[in-house]
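Here is upload.cif, consisting of mmCIF, C-alpha atoms:
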data_my_file
loop_
_atom_site.group_PDB
_atom_site.id
_atom_site.type_symbol
_atom_site.label_atom_id
_atom_site.label_comp_id
_atom_site.auth_asym_id
_atom_site.auth_seq_id
_atom_site.Cartn_x
_atom_site.Cartn_y
_atom_site.Cartn_z
ATOM 1 C CA MET A 1068 -19.432 -7.444 22.665
ATOM 2 C CA ASP A 1069 -15.815 -6.745 23.638
ATOM 3 C CA ALA A 1070 -14.145 -3.873 21.741
ATOM 4 C CA VAL A 1071 -11.050 -5.981 21.058
ATOM 5 C CA THR A 1072 -13.167 -8.728 19.451
ATOM 6 C CA ILE A 1073 -14.880 -6.174 17.216
ATOM 7 C CA LEU A 1074 -11.509 -4.660 16.286
ATOM 8 C CA LYS A 1075 -10.172 -8.098 15.356
ATOM 9 C CA ALA A 1076 -13.275 -8.987 13.320
ATOM 10 C CA TYR A 1077 -12.928 -5.772 11.321
ATOM 11 C CA TRP A 1078 -9.181 -6.269 10.960
ATOM 12 C CA PHE A 1079 -9.681 -9.620 9.192
ATOM 13 C CA PHE A 1080 -11.716 -7.861 6.493
ATOM 14 C CA ILE A 1081 -9.771 -4.590 6.315
ATOM 15 C CA VAL A 1082 -6.461 -6.280 5.460
ATOM 16 C CA PRO A 1083 -7.847 -8.113 2.360
ATOM 17 C CA LEU A 1084 -9.569 -4.881 1.328
ATOM 18 C CA MET A 1085 -6.237 -3.085 1.446
ATOM 19 C CA ILE A 1086 -4.599 -5.956 -0.450
ATOM 20 C CA ALA A 1087 -7.247 -5.702 -3.186
ATOM 21 C CA GLY A 1088 -6.381 -2.002 -3.552
ATOM 22 C CA VAL A 1089 -2.632 -2.666 -3.639
ATOM 23 C CA TYR A 1090 -3.154 -5.422 -6.233
ATOM 24 C CA CYS A 1091 -5.142 -2.990 -8.376
ATOM 25 C CA LEU A 1092 -2.346 -0.394 -8.120
ATOM 26 C CA VAL A 1093 0.440 -2.862 -8.919
ATOM 27 C CA ALA A 1094 -1.157 -4.906 -11.669
ATOM 28 C CA THR A 1095 -3.073 -2.429 -13.782
ATOM 29 C CA ARG A 1096 -1.895 -0.082 -16.536
ATOM 30 C CA ASN A 1097 -5.117 1.884 -16.806
ATOM 31 C CA PHE A 1098 -5.222 5.361 -15.293
ATOM 32 C CA ILE A 1099 -8.825 5.109 -14.073
ATOM 33 C CA ARG A 1100 -8.231 1.704 -12.505
ATOM 34 C CA LEU A 1101 -5.250 3.152 -10.616
ATOM 35 C CA LEU A 1102 -7.574 5.729 -9.093
ATOM 36 C CA ILE A 1103 -10.072 2.987 -8.223
ATOM 37 C CA GLY A 1104 -7.280 1.073 -6.448
ATOM 38 C CA LEU A 1105 -6.356 4.220 -4.524
ATOM 39 C CA GLU A 1106 -9.995 4.680 -3.532
ATOM 40 C CA ILE A 1107 -10.251 1.111 -2.239
ATOM 41 C CA ILE A 1108 -7.149 1.598 -0.064
ATOM 42 C CA THR A 1109 -8.689 4.823 1.256
ATOM 43 C CA LYS A 1110 -11.906 2.959 2.107
ATOM 44 C CA ALA A 1111 -9.895 0.431 4.126
ATOM 45 C CA VAL A 1112 -8.064 3.213 5.985
ATOM 46 C CA THR A 1113 -11.339 5.060 6.681
ATOM 47 C CA LEU A 1114 -12.887 1.932 8.136
ATOM 48 C CA LEU A 1115 -9.774 1.264 10.226
ATOM 49 C CA ILE A 1116 -9.835 4.794 11.702
ATOM 50 C CA VAL A 1117 -13.524 4.516 12.620
ATOM 51 C CA VAL A 1118 -13.202 1.092 14.211
ATOM 52 C CA ALA A 1119 -10.057 2.176 16.100
ATOM 53 C CA GLY A 1120 -11.966 5.217 17.391
ATOM 54 C CA TYR A 1121 -14.848 2.982 18.434
ATOM 55 C CA ALA A 1122 -12.559 0.522 20.224
ATOM 56 C CA SER A 1123 -10.614 3.225 22.056
ATOM 57 C CA GLY A 1124 -13.710 5.217 23.020
ATOM 58 C CA ARG A 1125 -12.658 8.239 20.949
ATOM 59 C CA LEU A 1126 -15.218 8.010 18.173
ATOM 60 C CA ALA A 1127 -15.690 11.795 17.960
ATOM 61 C CA LEU A 1128 -11.986 12.333 17.238
ATOM 62 C CA ALA A 1129 -12.016 9.468 14.712
ATOM 63 C CA GLN A 1130 -15.003 11.009 12.951
ATOM 64 C CA SER A 1131 -13.289 14.384 12.660
ATOM 65 C CA LEU A 1132 -10.218 12.673 11.158
ATOM 66 C CA VAL A 1133 -12.421 10.729 8.722
ATOM 67 C CA ILE A 1134 -14.126 13.937 7.581
ATOM 68 C CA THR A 1135 -10.696 15.479 6.880
ATOM 69 C CA LEU A 1136 -9.691 12.301 5.030
ATOM 70 C CA ILE A 1137 -12.840 12.411 2.885
ATOM 71 C CA VAL A 1138 -12.232 16.059 1.951
ATOM 72 C CA VAL A 1139 -8.633 15.301 0.926
ATOM 73 C CA GLU A 1140 -9.798 12.193 -0.959
ATOM 74 C CA VAL A 1141 -12.372 14.038 -3.036
ATOM 75 C CA VAL A 1142 -9.899 16.787 -3.977
ATOM 76 C CA VAL A 1143 -7.231 14.249 -4.970
ATOM 77 C CA ILE A 1144 -9.702 12.286 -7.101
ATOM 78 C CA SER A 1145 -11.080 15.411 -8.790
ATOM 79 C CA VAL A 1146 -7.621 16.702 -9.741
ATOM 80 C CA ALA A 1147 -6.496 13.212 -10.803
ATOM 81 C CA ALA A 1148 -9.602 12.826 -12.993
ATOM 82 C CA GLY A 1149 -8.744 16.158 -14.630
ATOM 83 C CA ILE A 1150 -5.186 14.960 -15.242
ATOM 84 C CA VAL A 1151 -6.530 11.691 -16.725
ATOM 85 C CA GLN A 1152 -8.714 13.621 -19.162
ATOM 86 C CA CYS A 1153 -5.811 15.886 -20.171
ATOM 87 C CA VAL A 1154 -3.484 12.917 -20.706
ATOM 88 C CA TYR A 1155 -6.196 11.177 -22.727
ATOM 89 C CA GLY A 1156 -6.519 14.306 -24.869
ATOM 90 C CA LEU A 1157 -2.772 14.154 -25.594
ATOM 91 C CA ASN A 1158 -2.299 10.420 -26.093
ATOM 92 C CA GLU A 1159 -5.760 9.089 -27.029
ATOM 93 C CA SER A 1160 -5.083 6.334 -24.534
ATOM 94 C CA LEU A 1161 -5.458 5.613 -20.814
ATOM 95 C CA ASP A 1162 -2.349 3.417 -20.739
ATOM 96 C CA ILE A 1163 0.140 4.791 -18.192
ATOM 97 C CA ARG A 1164 3.096 3.480 -20.231
ATOM 98 C CA LYS A 1165 2.212 5.920 -22.983
ATOM 99 C CA THR A 1166 2.725 8.891 -20.672
ATOM 100 C CA ARG A 1167 6.500 8.611 -20.997
ATOM 101 C CA ASN A 1168 6.351 11.238 -23.717
ATOM 102 C CA LEU A 1169 5.587 13.755 -20.929
ATOM 103 C CA LYS A 1170 9.074 13.196 -19.501
ATOM 104 C CA GLY A 1171 11.498 16.085 -19.391
ATOM 105 C CA MET B 675 -22.486 -9.331 14.955
ATOM 106 C CA ALA B 676 -23.631 -11.702 12.177
ATOM 107 C CA LEU B 677 -25.096 -8.758 10.277
ATOM 108 C CA THR B 678 -21.842 -6.793 10.653
ATOM 109 C CA ILE B 679 -19.812 -9.758 9.371
ATOM 110 C CA SER B 680 -22.195 -10.063 6.398
ATOM 111 C CA VAL B 681 -21.799 -6.368 5.535
ATOM 112 C CA LEU B 682 -18.010 -6.659 5.931
ATOM 113 C CA ALA B 683 -18.000 -9.645 3.546
ATOM 114 C CA LEU B 684 -20.192 -7.685 1.124
ATOM 115 C CA THR B 685 -17.730 -4.759 1.297
ATOM 116 C CA LEU B 686 -14.852 -7.061 0.430
ATOM 117 C CA LEU B 687 -16.780 -8.759 -2.395
ATOM 118 C CA SER B 688 -17.812 -5.474 -3.998
ATOM 119 C CA ALA B 689 -14.217 -4.192 -3.768
ATOM 120 C CA LEU B 690 -12.938 -7.400 -5.383
ATOM 121 C CA TRP B 691 -15.566 -7.065 -8.108
ATOM 122 C CA ALA B 692 -14.442 -3.473 -8.721
ATOM 123 C CA VAL B 693 -10.842 -4.660 -9.077
ATOM 124 C CA MET B 694 -11.456 -7.782 -11.169
ATOM 125 C CA THR B 695 -14.209 -6.825 -13.589
ATOM 126 C CA ARG B 696 -13.185 -5.869 -17.128
ATOM 127 C CA SER B 697 -15.615 -3.030 -17.704
ATOM 128 C CA LEU B 698 -14.566 0.310 -16.216
ATOM 129 C CA MET B 699 -18.176 1.338 -15.636
ATOM 130 C CA ARG B 700 -18.819 -1.843 -13.623
ATOM 131 C CA SER B 701 -15.653 -1.112 -11.628
ATOM 132 C CA VAL B 702 -17.018 2.312 -10.752
ATOM 133 C CA ILE B 703 -20.350 0.779 -9.704
ATOM 134 C CA GLY B 704 -18.456 -1.742 -7.552
ATOM 135 C CA LEU B 705 -16.580 1.124 -5.905
ATOM 136 C CA ALA B 706 -19.848 2.932 -5.164
ATOM 137 C CA ALA B 707 -21.248 -0.287 -3.660
ATOM 138 C CA THR B 708 -18.124 -0.547 -1.471
ATOM 139 C CA SER B 709 -18.729 3.021 -0.283
ATOM 140 C CA VAL B 710 -22.347 2.226 0.573
ATOM 141 C CA CYS B 711 -21.263 -0.831 2.585
ATOM 142 C CA VAL B 712 -18.614 1.251 4.430
ATOM 143 C CA THR B 713 -21.359 3.777 5.212
ATOM 144 C CA ALA B 714 -23.545 1.032 6.706
ATOM 145 C CA LEU B 715 -20.617 -0.143 8.857
ATOM 146 C CA MET B 716 -19.990 3.410 10.064
ATOM 147 C CA PHE B 717 -23.636 3.756 11.063
ATOM 148 C CA ALA B 718 -23.382 0.447 12.914
ATOM 149 C CA LEU B 719 -20.371 1.755 14.849
ATOM 150 C CA GLY B 720 -22.188 4.977 15.733
ATOM 151 C CA ALA B 721 -20.137 7.294 13.504
ATOM 152 C CA ASN B 722 -23.195 8.967 12.013
ATOM 153 C CA LEU B 723 -21.612 12.231 10.874
ATOM 154 C CA ALA B 724 -18.734 10.502 9.075
ATOM 155 C CA ALA B 725 -21.224 8.045 7.543
ATOM 156 C CA VAL B 726 -23.285 10.865 6.065
ATOM 157 C CA PHE B 727 -20.122 12.398 4.573
ATOM 158 C CA GLU B 728 -19.059 9.019 3.193
ATOM 159 C CA LEU B 729 -22.448 8.406 1.589
ATOM 160 C CA SER B 730 -22.886 11.845 0.035
ATOM 161 C CA VAL B 731 -19.304 12.523 -1.015
ATOM 162 C CA CYS B 732 -17.708 9.130 -1.676
ATOM 163 C CA ALA B 733 -20.709 7.145 -2.915
ATOM 164 C CA GLY B 734 -22.233 10.164 -4.645
ATOM 165 C CA LEU B 735 -19.801 12.824 -5.812
ATOM 166 C CA ILE B 736 -16.775 10.631 -6.487
ATOM 167 C CA THR B 737 -18.930 8.152 -8.437
ATOM 168 C CA VAL B 738 -20.191 11.028 -10.595
ATOM 169 C CA VAL B 739 -16.588 12.177 -11.198
ATOM 170 C CA PHE B 740 -15.546 8.636 -12.194
ATOM 171 C CA VAL B 741 -18.567 8.088 -14.453
ATOM 172 C CA SER B 742 -17.986 11.385 -16.266
ATOM 173 C CA THR B 743 -14.275 10.559 -16.676
ATOM 174 C CA VAL B 744 -15.109 7.125 -18.124
ATOM 175 C CA ALA B 745 -17.726 8.678 -20.411
ATOM 176 C CA MET B 746 -15.297 11.349 -21.680
ATOM 177 C CA THR B 747 -12.602 8.829 -22.533
ATOM 178 C CA GLN B 748 -12.882 6.074 -25.109
ATOM 179 C CA PRO B 749 -12.621 2.584 -23.596
ATOM 180 C CA ALA B 750 -10.576 -0.079 -25.376
ATOM 181 C CA SER B 751 -12.331 -2.496 -27.753
ATOM 182 C CA SER B 752 -13.423 -5.927 -26.493
ATOM 183 C CA GLU B 753 -10.663 -7.715 -28.484
ATOM 184 C CA GLU B 754 -8.028 -5.450 -26.955
ATOM 185 C CA LEU B 755 -9.482 -6.027 -23.494
ATOM 186 C CA HIS B 756 -9.484 -9.806 -24.020
ATOM 187 C CA GLU B 757 -5.867 -9.786 -25.166
ATOM 188 C CA ARG B 758 -4.840 -7.538 -22.279
ATOM 189 C CA THR B 759 -6.569 -9.792 -19.764
ATOM 190 C CA ARG B 760 -4.714 -12.847 -21.098
ATOM 191 C CA THR B 761 -1.332 -11.078 -20.967
ATOM 192 C CA HIS B 762 -2.207 -9.725 -17.556
ATOM 193 C CA LEU B 763 -3.093 -13.174 -16.173
ATOM 194 C CA ARG B 764 0.101 -14.687 -17.634
ATOM 195 C CA ARG B 765 2.240 -11.978 -16.094
ATOM 196 C CA TYR B 766 0.626 -11.443 -12.712
ATOM 197 C CA TRP B 767 -0.785 -14.829 -11.667
ATOM 198 C CA PRO B 768 1.537 -15.171 -8.603
ATOM 199 C CA LEU B 769 0.812 -11.646 -7.339
ATOM 200 C CA PRO B 770 -2.595 -12.320 -5.677
ATOM 201 C CA LEU B 771 -1.097 -15.359 -3.945
ATOM 202 C CA ILE B 772 1.886 -13.374 -2.650
ATOM 203 C CA LEU B 773 -0.348 -10.516 -1.471
ATOM 204 C CA LEU B 774 -2.770 -12.970 0.119
ATOM 205 C CA ALA B 775 0.098 -14.638 2.003
ATOM 206 C CA ILE B 776 1.372 -11.256 3.232
ATOM 207 C CA GLY B 777 -2.168 -10.252 4.211
ATOM 208 C CA THR B 778 -2.810 -13.462 6.117
ATOM 209 C CA LEU B 779 0.476 -12.987 7.937
ATOM 210 C CA LEU B 780 -0.460 -9.399 8.816
ATOM 211 C CA ALA B 781 -3.977 -10.366 9.875
ATOM 212 C CA VAL B 782 -2.690 -13.100 12.163
ATOM 213 C CA LEU B 783 0.417 -11.432 13.561
ATOM 214 C CA LEU B 784 -0.351 -7.746 13.984
ATOM 215 C CA PRO B 785 -3.461 -7.701 16.177
ATOM 216 C CA GLY B 786 -1.762 -10.099 18.584
ATOM 217 C CA ALA B 787 -3.421 -11.683 21.566
ATOM 218 C CA GLU B 788 -3.072 -8.554 23.645
ATOM 219 C CA ILE B 789 -4.236 -5.284 22.211
ATOM 220 C CA ALA B 790 -3.633 -2.574 24.757
ATOM 221 C CA LEU B 791 -6.495 -0.149 24.360
ATOM 222 C CA PRO B 792 -6.054 3.289 25.908
ATOM 223 C CA PRO B 793 -8.504 4.349 28.598
ATOM 224 C CA PRO B 794 -11.726 5.665 27.072
ATOM 225 C CA GLY B 795 -11.574 9.363 26.336
ATOM 226 C CA GLU B 796 -14.217 11.900 27.078
ATOM 227 C CA ALA B 797 -17.302 11.212 25.040
ATOM 228 C CA SER B 798 -18.036 14.332 23.049
ATOM 229 C CA ASP B 799 -19.613 15.364 19.804
ATOM 230 C CA ALA B 800 -17.654 15.092 16.536
ATOM 231 C CA ARG B 801 -18.604 18.645 15.554
ATOM 232 C CA GLU B 802 -17.282 19.941 18.893
ATOM 233 C CA VAL B 803 -13.982 18.074 18.430
ATOM 234 C CA LEU B 804 -13.648 19.351 14.864
ATOM 235 C CA TRP B 805 -14.299 22.995 15.743
ATOM 236 C CA THR B 806 -12.421 23.154 19.065
ATOM 237 C CA GLU B 807 -9.606 20.577 19.102
ATOM 238 C CA ARG B 808 -8.904 20.109 15.384
ATOM 239 C CA GLN B 809 -9.039 23.662 14.051
ATOM 240 C CA THR B 810 -5.775 23.179 12.163
ATOM 241 C CA ASP B 811 -7.449 20.355 10.244
ATOM 242 C CA ILE B 812 -10.129 22.758 9.075
ATOM 243 C CA LEU B 813 -7.466 25.191 7.859
ATOM 244 C CA GLY B 814 -5.792 22.282 6.071
ATOM 245 C CA GLN B 815 -9.105 21.281 4.491
ATOM 246 C CA VAL B 816 -9.668 24.813 3.216
ATOM 247 C CA ALA B 817 -6.131 24.882 1.778
ATOM 248 C CA VAL B 818 -6.600 21.498 0.098
ATOM 249 C CA ILE B 819 -9.945 22.516 -1.403
ATOM 250 C CA LEU B 820 -8.425 25.763 -2.755
ATOM 251 C CA ALA B 821 -5.476 23.827 -4.189
ATOM 252 C CA GLY B 822 -7.918 21.399 -5.848
ATOM 253 C CA VAL B 823 -10.003 24.205 -7.324
ATOM 254 C CA PHE B 824 -6.920 25.944 -8.741
ATOM 255 C CA GLY B 825 -5.631 22.586 -10.031
ATOM 256 C CA VAL B 826 -8.855 21.893 -11.932
ATOM 257 C CA ILE B 827 -8.965 25.472 -13.269
ATOM 258 C CA VAL B 828 -5.384 25.183 -14.577
ATOM 259 C CA LEU B 829 -6.079 21.754 -16.113
ATOM 260 C CA PHE B 830 -9.150 22.896 -18.031
ATOM 261 C CA LYS B 831 -7.967 26.381 -18.920
ATOM 262 C CA GLU B 832 -8.517 27.201 -22.598
ATOM 263 C CA ARG B 833 -5.250 27.387 -24.477
ATOM 264 C CA LYS B 834 -4.843 30.540 -26.599
#

For the file at hand, write its structure as structure tokens.
Amino acid sequence: MDAVTILKAYWFFIVPLMIAGVYCLVATRNFIRLLIGLEIITKAVTLLIVVAGYASGRLALAQSLVITLIVVEVVVISVAAGIVQCVYGLNESLDIRKTRNLKG
Amino acid sequence: MALTISVLALTLLSALWAVMTRSLMRSVIGLAATSVCVTALMFALGANLAAVFELSVCAGLITVVFVSTVAMTQPASSEELHERTRTHLRRYWPLPLILLAIGTLLAVLLPGAEIALPPPGEASDAREVLWTERQTDILGQVAVILAGVFGVIVLFKERK
């Protein structure tokens, strides 16, 4: 099958995936759900990089970028999960609106 | 191609389930399922090394981090959740429609009729590219991992 056709087929699913992540980020007030939204956007980007590498014939380069992305992703999520637990210890809530007392 | 489309649809459905379900634990399971589907797609495209990383780190480690975070925090009661969902639906009902319209526009317009693909590069191994051409990335990865470790240490340091 033609690389452009494959790229287009993936594109039609990657865009809604990204939209689902953006919706999760915009609409929710829960800290953990925000991280889940971020993860979904990252999944869409990962898939886009791999399929772009496949279509352009540079899959090895795409894979090395994806590995870097995964490393960054896991560090961001680990630190964010630590922050969530600390904020929960202070506020007894996962609601992001209640973190305004951290201001200043 | 039919199998790929099915896995792509499954990826989207599991992501939507992760976003829409009320229970946080089910959301985390939905996210892990999305990761597994992305792994299958990577294998189908021939990105085996990245797929192994995705499966072990994203579907494994990150799921464990999320599950432990959910377990260490107290979820809201079912009445609170019900009330929040109703308020949420009242407030945000146009948002999915707006995002869907933007997405459809992007999906139709951006990958226009002519995608100019560059000439195929030299086929080489991902490990070779990572260790020879992308050495700066490895330095960056080490720096990010160190920053993450120090971040977690500072966050969980015992207060005197």

Quick one: which residues from chain A are at most 8 Å off chain B, using only C-alpha atoms, as a PDB file with C-alpha atoms, keeping the file's coordinate frame?
ATOM      1  CA  VAL A1071     -11.050  -5.981  21.058  1.00  0.00           C
ATOM      2  CA  LYS A1075     -10.172  -8.098  15.356  1.00  0.00           C
ATOM      3  CA  ALA A1076     -13.275  -8.987  13.320  1.00  0.00           C
ATOM      4  CA  TYR A1077     -12.928  -5.772  11.321  1.00  0.00           C
ATOM      5  CA  TRP A1078      -9.181  -6.269  10.960  1.00  0.00           C
ATOM      6  CA  PHE A1079      -9.681  -9.620   9.192  1.00  0.00           C
ATOM      7  CA  PHE A1080     -11.716  -7.861   6.493  1.00  0.00           C
ATOM      8  CA  VAL A1082      -6.461  -6.280   5.460  1.00  0.00           C
ATOM      9  CA  PRO A1083      -7.847  -8.113   2.360  1.00  0.00           C
ATOM     10  CA  LEU A1084      -9.569  -4.881   1.328  1.00  0.00           C
ATOM     11  CA  ILE A1086      -4.599  -5.956  -0.450  1.00  0.00           C
ATOM     12  CA  ALA A1087      -7.247  -5.702  -3.186  1.00  0.00           C
ATOM     13  CA  GLY A1088      -6.381  -2.002  -3.552  1.00  0.00           C
ATOM     14  CA  TYR A1090      -3.154  -5.422  -6.233  1.00  0.00           C
ATOM     15  CA  CYS A1091      -5.142  -2.990  -8.376  1.00  0.00           C
ATOM     16  CA  ALA A1094      -1.157  -4.906 -11.669  1.00  0.00           C
ATOM     17  CA  ILE A1099      -8.825   5.109 -14.073  1.00  0.00           C
ATOM     18  CA  ARG A1100      -8.231   1.704 -12.505  1.00  0.00           C
ATOM     19  CA  ILE A1103     -10.072   2.987  -8.223  1.00  0.00           C
ATOM     20  CA  GLY A1104      -7.280   1.073  -6.448  1.00  0.00           C
ATOM     21  CA  GLU A1106      -9.995   4.680  -3.532  1.00  0.00           C
ATOM     22  CA  ILE A1107     -10.251   1.111  -2.239  1.00  0.00           C
ATOM     23  CA  LYS A1110     -11.906   2.959   2.107  1.00  0.00           C
ATOM     24  CA  LEU A1114     -12.887   1.932   8.136  1.00  0.00           C
ATOM     25  CA  VAL A1117     -13.524   4.516  12.620  1.00  0.00           C
ATOM     26  CA  VAL A1118     -13.202   1.092  14.211  1.00  0.00           C
ATOM     27  CA  TYR A1121     -14.848   2.982  18.434  1.00  0.00           C
ATOM     28  CA  ALA A1122     -12.559   0.522  20.224  1.00  0.00           C
ATOM     29  CA  SER A1123     -10.614   3.225  22.056  1.00  0.00           C
ATOM     30  CA  GLY A1124     -13.710   5.217  23.020  1.00  0.00           C
ATOM     31  CA  ARG A1125     -12.658   8.239  20.949  1.00  0.00           C
ATOM     32  CA  LEU A1126     -15.218   8.010  18.173  1.00  0.00           C
ATOM     33  CA  ALA A1127     -15.690  11.795  17.960  1.00  0.00           C
ATOM     34  CA  LEU A1128     -11.986  12.333  17.238  1.00  0.00           C
ATOM     35  CA  GLN A1130     -15.003  11.009  12.951  1.00  0.00           C
ATOM     36  CA  SER A1131     -13.289  14.384  12.660  1.00  0.00           C
ATOM     37  CA  VAL A1133     -12.421  10.729   8.722  1.00  0.00           C
ATOM     38  CA  ILE A1134     -14.126  13.937   7.581  1.00  0.00           C
ATOM     39  CA  THR A1135     -10.696  15.479   6.880  1.00  0.00           C
ATOM     40  CA  ILE A1137     -12.840  12.411   2.885  1.00  0.00           C
ATOM     41  CA  VAL A1138     -12.232  16.059   1.951  1.00  0.00           C
ATOM     42  CA  VAL A1139      -8.633  15.301   0.926  1.00  0.00           C
ATOM     43  CA  VAL A1141     -12.372  14.038  -3.036  1.00  0.00           C
ATOM     44  CA  VAL A1142      -9.899  16.787  -3.977  1.00  0.00           C
ATOM     45  CA  VAL A1143      -7.231  14.249  -4.970  1.00  0.00           C
ATOM     46  CA  ILE A1144      -9.702  12.286  -7.101  1.00  0.00           C
ATOM     47  CA  SER A1145     -11.080  15.411  -8.790  1.00  0.00           C
ATOM     48  CA  VAL A1146      -7.621  16.702  -9.741  1.00  0.00           C
ATOM     49  CA  ALA A1148      -9.602  12.826 -12.993  1.00  0.00           C
ATOM     50  CA  GLY A1149      -8.744  16.158 -14.630  1.00  0.00           C
ATOM     51  CA  ILE A1150      -5.186  14.960 -15.242  1.00  0.00           C
ATOM     52  CA  VAL A1151      -6.530  11.691 -16.725  1.00  0.00           C
ATOM     53  CA  GLN A1152      -8.714  13.621 -19.162  1.00  0.00           C
ATOM     54  CA  CYS A1153      -5.811  15.886 -20.171  1.00  0.00           C
ATOM     55  CA  TYR A1155      -6.196  11.177 -22.727  1.00  0.00           C
ATOM     56  CA  GLU A1159      -5.760   9.089 -27.029  1.00  0.00           C
ATOM     57  CA  SER A1160      -5.083   6.334 -24.534  1.00  0.00           C
TER      58      SER A1160
END

Listed atoms of segment 1076-1090 of chain A boxed axis-aligned with 6 Å per side, centre + edges as lines of an AutoDock Vina configuration file:
center_x = -8.0
center_y = -5.8
center_z = 3.5
size_x = 22.6
size_y = 19.6
size_z = 31.6

To one decimal place, how far is atom CA of Val1089 of chain A from atom CA of Ala714 of chain B in Å?
23.6 Å

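The interatomic distance for the pair atom CA of Ser730 of chain B and atom CA of Thr1109 of chain A works out to 15.9 Å.
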
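Nearest residue to Val1154 of chain A, choosing from A:Gly1120, A:Phe1098, A:Leu1115, A:Asp1069 and counting only C-alpha atoms: A:Phe1098.
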
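Compared by their closest atoms to Ser697 of chain B, and using all atoms listed in the file, the residues A:Asn1158, A:Thr1113, A:Asn1097, A:Asn1168 rank with A:Asn1097 nearest.
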